[in-house]
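Colleague: Quick one: the structure is below, and I'll ask about it shortly.
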Amino acid sequence: MAQTQAKTVEGTAPHGTGASESGNGRILEVQNPATGQTIARVPAIGTDDVAELAARARAAQPGWEALGFEGRAKVLKRAQRWTTDNADRIARTIISETGKTYEDAQLAEIAYAAQSFGFWAKNAEDYLSDEKIRSSSPFVAGRKLFVRYAPVGVVGVIGPWNYPLTNSFGDCIPALAAGNSVILKPASLTPLTSLLMQEALRECGLPEDVFLTAVGPGPVGSELIDHVGFVMFTGSTEVGKKIMERAAKTLTPVGLELGGKDPMVVLSDANVERAANAAVHYSMQNGGQTCISIERVYVEEPVYEQFVALVEKKLRALRQGVPGDPGVTDVGAITSPPQVDLIDEHVRDAENKGARVLVGGHRGDGPGDFYEPTMLVNVDHTMECMTEETFGPTLPVMKVRDAEEGIRLANDSPYGLQASIWTEDTDKGERLAREIEAGVVCVNDAQINYIALELPMGGWKASGLGTRHGKDGIRKYTQKQTVLVTKFAPTKKDIHMMPYRAMTTKLIGRVVKLLYGRGKRD
Ligand code: NAD
């Protein structure tokens with residue numbers, strides 16, 4: 001059941017329906033969004049199968065934990081090697097189910113996963129080893145105090161369709177390194193990459209049932225929450241709220257990596273050419289279907305015309321088409337069919353409210369789902385393209401009076417995932433970064449922070465809860481346990497123990513005053 005093999009099938013299916021599920025013995029049809037062809041039929045599970053899957057994962061976990069950091073690192077390092085050895089095979093699987101370009105699959109997915117296997121194999125022990133604690137309290141003098149990080153047991157990872165390797169599978173790697181079993185529920189549109197990685201882990205010696213893929217629709221994810229010790233969710237803010245609500249019933253901790261509306265603020269002293277290149281790349285990369293895409297730009301008046309002219313020219317030069325081999329196209333397809341309507345709605349809404357479409361502005365033609373690389377000007381915050389997540393290849397650019405207005409508008413959003421500030425005065429850039437309400441701010445850069453795995457990444461406001469990467473990116477998959485050991489007790493009865501006597505009570509009072517009562521009064 002859960003250990004499914006994707007089966008490639010011939011022929012085409014009606015396009016635009018996305019994956020479909022049917023009845024018992026459920027079969028999920030996977031389509032290539034760039035061609036509209038059905039590329040696989042995959043057995044899926046239903047909510048009633050989740051408990052059994054979780055029981056298998058739970059039973060397998062102690063053996064995996066018992067391998068220790070070194071034993072687990074061996075498997076992860078083998079998986080790292082497998083990923084680089086099979087890079088082309090993985091890339092083609094990702095491309096076929098997402099419609100992204102070869103380069104988008106290579107850099108932001110395969111390179112990330114390969115790096116991640118090595119990073120967690122190397123650093124898990126450092127981040128999770130017992131931590132010795134020193135206390136200033138005389139009442140625990142002489143005791144051994146430490147904190148240990150115990151795996152939660154089974155981690156449930158629920159992922160989106162835009163990065164089946166990085167954002168779905170990627171979060172499983174630190175969870176495994178911490179000694180947990182993992183059940184991954186990928187998006188129904190893109191299960192093939194997860195199934196391929198399940199196969200890879202098995203080949204690399206991961207014990208049976210330590211990693212399981214739960215292919216199925218949203219309710220399977222919802223059910224999974226009831227059976228795991230931690231839920232790592234990446235997806236929309238709307239579903240993120242439902243995850244938290246469901247997890248409240250069992251008090252299951254959650255990590256939420258949600259939507260974004262990342263602003264770019266270009267100041268008049270910026271290197272405008274570099275800013276224009278970055279605006280084009282980081283809004284169009286992955287067809288704009290990246291949570292940390294540049295989704296809106298604010299440009300200071302003196303360089304606005306120059307910036308717009310440069311971006312327009314560069315956008316016009318981009319090629320869009322069916323992805324496949326390296327270098328054949330720049331902007332790929334839209335992975336989720338309903339997303340095309342949403343992108344178009346945002347463009348039409350902006351036009352109706354007075355925006356001008358400088359480049360693109362239409363759905364692509366052909367059998368696949370595409371939207372043209374699009375640039376909008378004369379935009380403002382009455383328009384959806386400036387306030388709601390578009391998640392497509394669109395770039396609205398707005399003129400602002402000064403940095404202050406740029407920052408105010410950047411913060412005028414329910415989201416707070418990432419942001420970027422562009423200025424040659426990096427001191428000013430750092431100062432302004434502190435005024436931005438977002439989990440990550442780059443100065444003269446964007447997105448690249450994601451591959452520095454030492455850096456925490458996570459959203460403020462409606463963009464999420466908790467972070468991935470760095471120390472907290474693995475500690476979240478554990479439960480803290482504090483241990484206090486009294487090795488040599490100097491007396492048989494400590495001074496604070498019963499029965500109470502006025503003399504000892506007074507003595508303790510004097511000690512407390514002596515220790516803590518010497519601070520200056522205001
Ligand atoms: P989505 O929220 O629709 O779905 C995400 C996953 O949740 C899918 O596997 C889906 O089947 C499952 N799901 C749906 N309903 C559920 C429920 N009630 N309970 C449990 N699981 C449920 O998101 P999507 O459309 O697949 O992905 C796009 C969104 O993801 C965008 O908003 C994007 O910004 C966000 N995203 C965020 C990050 C980040 O790191 N912050 C990264 C990638 C994508």
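Residues are referred to by chain and number: the chain letter is A, B, ... according to the order shown in the structure tokens, the number counts from 1 in that chain, and ligands are numbered separately from 1 in the order shown.
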Residues within 8 Å of ligand 1 (only C-alpha atoms and all ligand atoms), as a PyMOL selection string?

Modeller: chain A and resi 158-163+167+185-188+216-225+233-240+242-243+246+256-260+289-292+336+389+391+417+457-459+463-464

Colleague: Compile a residue-level contact table for range 229-338 of chain A against range 355-375 of chain A at a cut-off of 10 Å, reporting for every qualifying residue the shortest atom pair and its distance in Å to one decimal, with only C-alpha atoms counted, rows ordered by chain and ascending number, as a tab-separated table.

Modeller:
residue	atom	partner	partner_atom	distance
A:Val280	CA	A:Pro373	CA	9.4
A:Ser283	CA	A:Pro373	CA	9.1
A:Met284	CA	A:Pro373	CA	7.0
A:Gly287	CA	A:Pro373	CA	8.0
A:Gly288	CA	A:Pro373	CA	9.0
A:Val308	CA	A:Met375	CA	9.2
A:Ala309	CA	A:Leu358	CA	9.9
A:Val311	CA	A:Met375	CA	8.4
A:Glu312	CA	A:Val359	CA	6.7
A:Lys313	CA	A:Val359	CA	9.1
A:Leu315	CA	A:Pro373	CA	6.8
A:Arg316	CA	A:Val359	CA	6.8
A:Leu318	CA	A:Pro373	CA	7.8
A:Arg319	CA	A:Pro373	CA	8.9
A:Gln320	CA	A:Glu372	CA	7.5
A:Gly321	CA	A:Phe370	CA	8.2
A:Val322	CA	A:Gly368	CA	8.1
A:Asp330	CA	A:Pro373	CA	10.0
A:Val331	CA	A:Pro373	CA	7.6
A:Gly332	CA	A:Phe370	CA	7.3
A:Ala333	CA	A:Phe370	CA	4.7
A:Ile334	CA	A:Phe370	CA	5.4
A:Thr335	CA	A:Asp369	CA	7.4
A:Ser336	CA	A:Asp369	CA	8.2
A:Pro337	CA	A:Asp369	CA	6.5
A:Pro338	CA	A:Asp369	CA	9.6

Colleague: Leaving out Phe211 in chain A and any residue of its chain fewer than 6 positions from it, which residues lie within 7 Å of it when counting only C-alpha atoms, given as a ChimeraX atom specification?

Modeller: /A:181-183,198

Colleague: Got a sec: who's within 9 Å of range 397-410 of chain A, counting only C-alpha atoms, leaving out chain neighbours fewer than 6 positions off, as a list in words?

Modeller: Asp262, Pro263, Met264, Val265, Val266, Leu267, Ser268, Arg296, Val297, Tyr298, Val299, Glu300, Glu301, Pro302, Tyr304, Glu305, Val308, Met375, Leu376, Val377, Asn378, Val379, Asp380, His381, Ala419, Leu432, Glu435, Ile436 and Glu437 of chain A

Colleague: Nearest to Tyr149 in chain A: which of A:Lys261, A:Lys476, A:Arg134, A:His281 is it, counting only C-alpha atoms?

Modeller: A:Lys476

Colleague: Give the helix (DSSP H, G or I) residues of range 362-458 of chain A, as DSSP finds them on the backbone, and put them as a ChimeraX atom specification.

Modeller: /A:384-387,403-411,426-433,448-451

Colleague: For Leu53 in chain A, work out the shell of residues within 12 Å, counting only C-alpha atoms and skipping chain neighbours fewer than 2 positions away, then give it as a CSV table (one decimal) with all heavy atoms, in the first residue's frame.

Modeller:
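File result07.csv, as written:
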chain,number,residue,atom,x,y,z
A,1,MET,N,0.8,-1.2,0.0
A,1,MET,CA,0.0,0.0,0.0
A,1,MET,C,0.8,1.3,0.0
A,1,MET,O,1.0,1.9,-1.0
A,1,MET,CB,-1.0,0.0,1.1
A,1,MET,CG,-0.5,-0.6,2.4
A,1,MET,SD,-1.5,-0.3,3.8
A,1,MET,CE,-0.8,1.3,4.3
A,2,ALA,N,1.5,1.6,1.1
A,2,ALA,CA,2.2,2.9,1.1
A,2,ALA,C,3.5,2.8,0.3
A,2,ALA,O,3.9,3.8,-0.3
A,2,ALA,CB,2.5,3.3,2.5
A,3,GLN,N,4.1,1.6,0.2
A,3,GLN,CA,5.3,1.5,-0.5
A,3,GLN,C,5.0,1.3,-2.0
A,3,GLN,O,5.1,0.2,-2.5
A,3,GLN,CB,6.2,0.4,0.0
A,3,GLN,CG,6.6,0.7,1.4
A,3,GLN,CD,7.6,-0.2,1.9
A,3,GLN,OE1,8.0,-1.2,1.3
A,3,GLN,NE2,8.1,0.0,3.1
A,45,ILE,N,-3.2,6.0,-0.7
A,45,ILE,CA,-3.8,5.5,0.5
A,45,ILE,C,-5.0,6.4,0.9
A,45,ILE,O,-5.1,7.5,0.5
A,45,ILE,CB,-2.9,5.2,1.7
A,45,ILE,CG1,-2.3,6.6,2.2
A,45,ILE,CG2,-1.8,4.3,1.3
A,45,ILE,CD1,-1.6,6.5,3.5
A,46,GLY,N,-5.8,5.9,1.8
A,46,GLY,CA,-6.9,6.7,2.4
A,46,GLY,C,-6.7,7.0,3.8
A,46,GLY,O,-5.7,6.4,4.4
A,47,THR,N,-7.5,7.7,4.5
A,47,THR,CA,-7.3,8.1,5.9
A,47,THR,C,-7.3,6.8,6.8
A,47,THR,O,-6.6,6.8,7.7
A,47,THR,CB,-8.4,9.0,6.4
A,47,THR,OG1,-9.7,8.5,6.0
A,47,THR,CG2,-8.3,10.4,5.7
A,48,ASP,N,-8.1,5.8,6.3
A,48,ASP,CA,-8.2,4.6,7.2
A,48,ASP,C,-6.9,3.8,7.2
A,48,ASP,O,-6.7,2.9,7.9
A,48,ASP,CB,-9.4,3.7,6.7
A,48,ASP,CG,-9.5,3.7,5.2
A,48,ASP,OD1,-8.9,4.5,4.5
A,48,ASP,OD2,-10.2,2.8,4.7
A,49,ASP,N,-5.9,4.1,6.3
A,49,ASP,CA,-4.7,3.4,6.2
A,49,ASP,C,-3.6,4.0,7.1
A,49,ASP,O,-2.5,3.4,7.3
A,49,ASP,CB,-4.2,3.3,4.8
A,49,ASP,CG,-5.1,2.6,3.8
A,49,ASP,OD1,-5.6,1.6,4.2
A,49,ASP,OD2,-5.4,3.2,2.7
A,50,VAL,N,-3.8,5.2,7.5
A,50,VAL,CA,-2.7,6.0,8.2
A,50,VAL,C,-2.3,5.4,9.5
A,50,VAL,O,-1.1,5.3,9.8
A,50,VAL,CB,-3.2,7.5,8.3
A,50,VAL,CG1,-2.1,8.2,9.1
A,50,VAL,CG2,-3.4,8.1,7.0
A,51,ALA,N,-3.2,4.9,10.3
A,51,ALA,CA,-2.8,4.3,11.6
A,51,ALA,C,-1.9,3.2,11.5
A,51,ALA,O,-0.9,3.1,12.2
A,51,ALA,CB,-4.1,3.9,12.4
A,55,ALA,N,2.0,2.8,12.8
A,55,ALA,CA,2.4,1.8,13.7
A,55,ALA,C,3.7,1.1,13.1
A,55,ALA,O,4.6,0.8,13.9
A,55,ALA,CB,1.3,0.7,13.8
A,56,ARG,N,3.8,1.0,11.8
A,56,ARG,CA,5.0,0.4,11.2
A,56,ARG,C,6.2,1.3,11.5
A,56,ARG,O,7.3,0.9,11.8
A,56,ARG,CB,4.8,0.2,9.7
A,56,ARG,CG,4.0,-1.1,9.4
A,56,ARG,CD,3.5,-1.1,8.0
A,56,ARG,NE,4.5,-0.9,7.0
A,56,ARG,CZ,4.3,-0.5,5.7
A,56,ARG,NH1,3.1,-0.4,5.3
A,56,ARG,NH2,5.3,-0.3,4.9
A,57,ALA,N,5.9,2.6,11.2
A,57,ALA,CA,7.0,3.6,11.4
A,57,ALA,C,7.5,3.6,12.9
A,57,ALA,O,8.7,3.7,13.2
A,57,ALA,CB,6.6,5.0,11.0
A,58,ARG,N,6.5,3.5,13.8
A,58,ARG,CA,6.8,3.6,15.2
A,58,ARG,C,7.6,2.3,15.6
A,58,ARG,O,8.6,2.4,16.4
A,58,ARG,CB,5.5,3.6,16.0
A,58,ARG,CG,5.7,4.3,17.4
A,58,ARG,CD,4.3,4.6,18.1
A,58,ARG,NE,3.4,5.4,17.3
A,58,ARG,CZ,2.3,5.0,16.8
A,58,ARG,NH1,1.9,3.8,17.0
A,58,ARG,NH2,1.5,5.8,16.1
A,59,ALA,N,7.3,1.2,15.1
A,59,ALA,CA,8.0,-0.1,15.4
A,59,ALA,C,9.4,0.0,14.9
A,59,ALA,O,10.3,-0.6,15.5
A,59,ALA,CB,7.2,-1.2,14.8
A,60,ALA,N,9.6,0.7,13.8
A,60,ALA,CA,11.0,0.7,13.2
A,60,ALA,C,11.9,1.7,13.9
A,60,ALA,O,13.1,1.6,13.8
A,60,ALA,CB,10.9,1.0,11.7
A,154,VAL,N,8.0,9.4,15.7
A,154,VAL,CA,7.6,9.5,14.3
A,154,VAL,C,7.3,10.9,14.0
A,154,VAL,O,6.5,11.6,14.6
A,154,VAL,CB,6.4,8.6,14.0
A,154,VAL,CG1,6.0,8.6,12.5
A,154,VAL,CG2,6.6,7.2,14.5
A,156,GLY,N,5.8,13.5,11.1
A,156,GLY,CA,5.0,13.6,9.9
A,156,GLY,C,5.4,14.8,9.1
A,156,GLY,O,5.4,15.9,9.6
A,181,SER,N,11.7,8.0,12.9
A,181,SER,CA,11.1,7.5,11.6
A,181,SER,C,10.3,8.7,11.0
A,181,SER,O,9.9,9.6,11.8
A,181,SER,CB,10.1,6.4,11.9
A,181,SER,OG,10.8,5.3,12.3
A,182,VAL,N,10.1,8.7,9.7
A,182,VAL,CA,9.4,9.8,9.1
A,182,VAL,C,8.3,9.2,8.1
A,182,VAL,O,8.6,8.3,7.4
A,182,VAL,CB,10.4,10.6,8.3
A,182,VAL,CG1,9.6,11.7,7.5
A,182,VAL,CG2,11.4,11.3,9.2
A,183,ILE,N,7.2,9.8,8.2
A,183,ILE,CA,6.1,9.6,7.2
A,183,ILE,C,6.0,10.9,6.4
A,183,ILE,O,5.6,11.9,6.9
A,183,ILE,CB,4.8,9.1,7.8
A,183,ILE,CG1,5.0,7.9,8.6
A,183,ILE,CG2,3.8,8.9,6.7
A,183,ILE,CD1,3.8,7.4,9.4
A,184,LEU,N,6.2,10.8,5.1
A,184,LEU,CA,6.1,12.0,4.2
A,184,LEU,C,4.8,11.9,3.4
A,184,LEU,O,4.6,10.9,2.7
A,184,LEU,CB,7.3,12.0,3.3
A,184,LEU,CG,7.2,13.0,2.1
A,184,LEU,CD1,7.1,14.5,2.6
A,184,LEU,CD2,8.4,12.9,1.2
A,185,LYS,N,4.0,12.9,3.6
A,185,LYS,CA,2.8,13.0,2.7
A,185,LYS,C,3.1,14.1,1.6
A,185,LYS,O,3.0,15.3,1.9
A,185,LYS,CB,1.5,13.4,3.4
A,185,LYS,CG,0.3,13.0,2.6
A,185,LYS,CD,-0.8,13.9,2.6
A,185,LYS,CE,-0.9,15.2,1.8
A,185,LYS,NZ,-1.0,15.1,0.4
A,209,ASP,N,10.8,0.6,6.8
A,209,ASP,CA,9.7,1.3,7.5
A,209,ASP,C,10.2,2.6,8.3
A,209,ASP,O,9.4,3.3,8.9
A,209,ASP,CB,8.9,0.4,8.5
A,209,ASP,CG,8.1,-0.6,7.8
A,209,ASP,OD1,7.9,-0.4,6.5
A,209,ASP,OD2,7.7,-1.6,8.4
A,210,VAL,N,11.5,2.9,8.2
A,210,VAL,CA,11.9,4.1,8.9
A,210,VAL,C,11.5,5.4,8.1
A,210,VAL,O,11.3,6.4,8.6
A,210,VAL,CB,13.5,4.1,9.1
A,210,VAL,CG1,14.0,5.4,9.6
A,210,VAL,CG2,13.8,3.0,10.1
A,211,PHE,N,11.4,5.2,6.8
A,211,PHE,CA,10.9,6.3,5.9
A,211,PHE,C,9.7,5.7,5.1
A,211,PHE,O,9.9,4.7,4.3
A,211,PHE,CB,12.0,6.8,5.0
A,211,PHE,CG,11.5,7.9,4.1
A,211,PHE,CD1,11.3,9.2,4.6
A,211,PHE,CD2,11.1,7.6,2.8
A,211,PHE,CE1,10.8,10.2,3.7
A,211,PHE,CE2,10.6,8.6,2.0
A,211,PHE,CZ,10.5,9.9,2.4
A,212,LEU,N,8.6,6.3,5.2
A,212,LEU,CA,7.4,5.8,4.4
A,212,LEU,C,6.8,7.0,3.7
A,212,LEU,O,6.7,8.1,4.3
A,212,LEU,CB,6.4,5.2,5.4
A,212,LEU,CG,6.9,3.9,6.0
A,212,LEU,CD1,6.0,3.5,7.2
A,212,LEU,CD2,6.9,2.7,5.0
A,213,THR,N,6.3,6.7,2.5
A,213,THR,CA,5.6,7.8,1.8
A,213,THR,C,4.1,7.5,1.8
A,213,THR,O,3.6,6.4,1.4
A,213,THR,CB,6.1,7.8,0.3
A,213,THR,OG1,7.5,7.9,0.4
A,213,THR,CG2,5.6,9.0,-0.4
A,214,ALA,N,3.3,8.5,2.3
A,214,ALA,CA,1.9,8.4,2.3
A,214,ALA,C,1.3,9.2,1.1
A,214,ALA,O,1.0,10.4,1.3
A,214,ALA,CB,1.3,8.9,3.6
A,215,VAL,N,1.2,8.5,0.0
A,215,VAL,CA,0.6,9.2,-1.2
A,215,VAL,C,-0.9,9.3,-1.0
A,215,VAL,O,-1.6,8.2,-0.7
A,215,VAL,CB,0.9,8.4,-2.4
A,215,VAL,CG1,0.2,9.0,-3.6
A,215,VAL,CG2,2.4,8.4,-2.7
A,220,VAL,N,-5.6,12.7,4.1
A,220,VAL,CA,-4.5,11.8,4.6
A,220,VAL,C,-3.5,12.6,5.5
A,220,VAL,O,-3.1,12.1,6.5
A,220,VAL,CB,-3.8,11.1,3.4
A,220,VAL,CG1,-2.6,10.4,3.9
A,220,VAL,CG2,-4.8,10.1,2.7
A,223,GLU,N,-5.2,13.3,8.8
A,223,GLU,CA,-5.2,12.1,9.7
A,223,GLU,C,-3.8,11.9,10.3
A,223,GLU,O,-3.7,11.5,11.4
A,223,GLU,CB,-5.7,10.9,8.8
A,223,GLU,CG,-5.7,9.6,9.6
A,223,GLU,CD,-6.8,9.5,10.7
A,223,GLU,OE1,-7.8,10.3,10.6
A,223,GLU,OE2,-6.6,8.7,11.6
A,224,LEU,N,-2.8,12.1,9.5
A,224,LEU,CA,-1.4,11.8,9.9
A,224,LEU,C,-1.1,12.6,11.2
A,224,LEU,O,-0.4,12.1,12.0
A,224,LEU,CB,-0.5,12.2,8.7
A,224,LEU,CG,1.0,12.0,8.9
A,224,LEU,CD1,1.3,10.5,9.1
A,224,LEU,CD2,1.8,12.5,7.7
A,227,HIS,N,-1.3,10.9,14.5
A,227,HIS,CA,-0.5,9.7,14.8
A,227,HIS,C,1.0,10.0,14.9
A,227,HIS,O,1.8,9.0,15.0
A,227,HIS,CB,-0.7,8.7,13.6
A,227,HIS,CG,-2.1,8.3,13.5
A,227,HIS,ND1,-2.7,7.2,14.3
A,227,HIS,CD2,-3.1,8.8,12.8
A,227,HIS,CE1,-3.9,7.1,13.9
A,227,HIS,NE2,-4.2,8.0,13.0
A,228,VAL,N,1.4,11.2,14.9
A,228,VAL,CA,2.9,11.5,14.9
A,228,VAL,C,3.3,12.4,16.1
A,228,VAL,O,2.4,13.0,16.7
A,228,VAL,CB,3.3,12.1,13.6
A,228,VAL,CG1,3.2,11.2,12.4
A,228,VAL,CG2,2.6,13.5,13.3

Colleague: If you measure from CA of Phe139 in chain A to CA of Lys487 in chain A, what distance in Å do you get, rounded to one decimal?

Modeller: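 Atom-to-atom, CA of Phe139 in chain A and CA of Lys487 in chain A are spaced 14.4 Å apart.
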
Colleague: When you draw a straight line from CA of Phe488 in chain A to CA of Gly142 in chain A, how long is it in Å?

Modeller: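 Going from CA of Phe488 in chain A over to CA of Gly142 in chain A, I get 7.6 Å.
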
Colleague: Can you tell me, as a short mmCIF file (atom, residue, chain, number, x, y, z; two decimals) with N, CA and C atoms, in the first residue's frame, which residues in range 435-508 of chain A count as strand (DSSP E) by DSSP?

Modeller:
data_model
loop_
_atom_site.label_atom_id
_atom_site.label_comp_id
_atom_site.auth_asym_id
_atom_site.auth_seq_id
_atom_site.Cartn_x
_atom_site.Cartn_y
_atom_site.Cartn_z
N VAL A 440 13.56 36.57 7.22
CA VAL A 440 14.88 36.70 6.60
C VAL A 440 14.91 37.98 5.79
N VAL A 441 15.99 38.74 5.90
CA VAL A 441 16.17 39.91 5.03
C VAL A 441 17.56 39.82 4.41
N CYS A 442 17.64 39.97 3.10
CA CYS A 442 18.93 40.01 2.40
C CYS A 442 19.21 41.45 1.96
N VAL A 443 20.47 41.84 2.04
CA VAL A 443 20.88 43.13 1.50
C VAL A 443 21.69 42.86 0.24
N TRP A 460 7.71 35.22 9.66
CA TRP A 460 6.98 35.94 10.70
C TRP A 460 5.53 36.07 10.23
N LYS A 461 4.70 36.57 11.09
CA LYS A 461 3.29 36.86 10.79
C LYS A 461 2.62 35.62 10.15
N GLY A 464 4.38 31.77 8.92
CA GLY A 464 4.77 30.52 9.55
C GLY A 464 5.11 30.58 11.03
N LEU A 465 5.59 29.45 11.47
CA LEU A 465 5.87 29.22 12.87
C LEU A 465 7.10 28.33 12.94
N THR A 478 12.91 16.94 18.16
CA THR A 478 13.25 16.22 19.39
C THR A 478 12.43 16.76 20.56
N GLN A 479 12.48 16.02 21.65
CA GLN A 479 11.87 16.50 22.90
C GLN A 479 13.01 16.74 23.87
N LYS A 480 12.97 17.90 24.50
CA LYS A 480 14.01 18.21 25.48
C LYS A 480 13.75 17.42 26.74
N GLN A 481 14.80 16.84 27.27
CA GLN A 481 14.66 16.21 28.59
C GLN A 481 15.77 16.75 29.48
N THR A 482 15.36 17.30 30.60
CA THR A 482 16.33 17.82 31.55
C THR A 482 16.65 16.71 32.56
N VAL A 483 17.93 16.51 32.81
CA VAL A 483 18.32 15.48 33.79
C VAL A 483 19.15 16.14 34.88
N LEU A 484 18.79 15.88 36.13
CA LEU A 484 19.54 16.39 37.28
C LEU A 484 20.01 15.18 38.09
N VAL A 485 21.30 15.10 38.32
CA VAL A 485 21.84 13.94 39.04
C VAL A 485 22.56 14.42 40.29
#
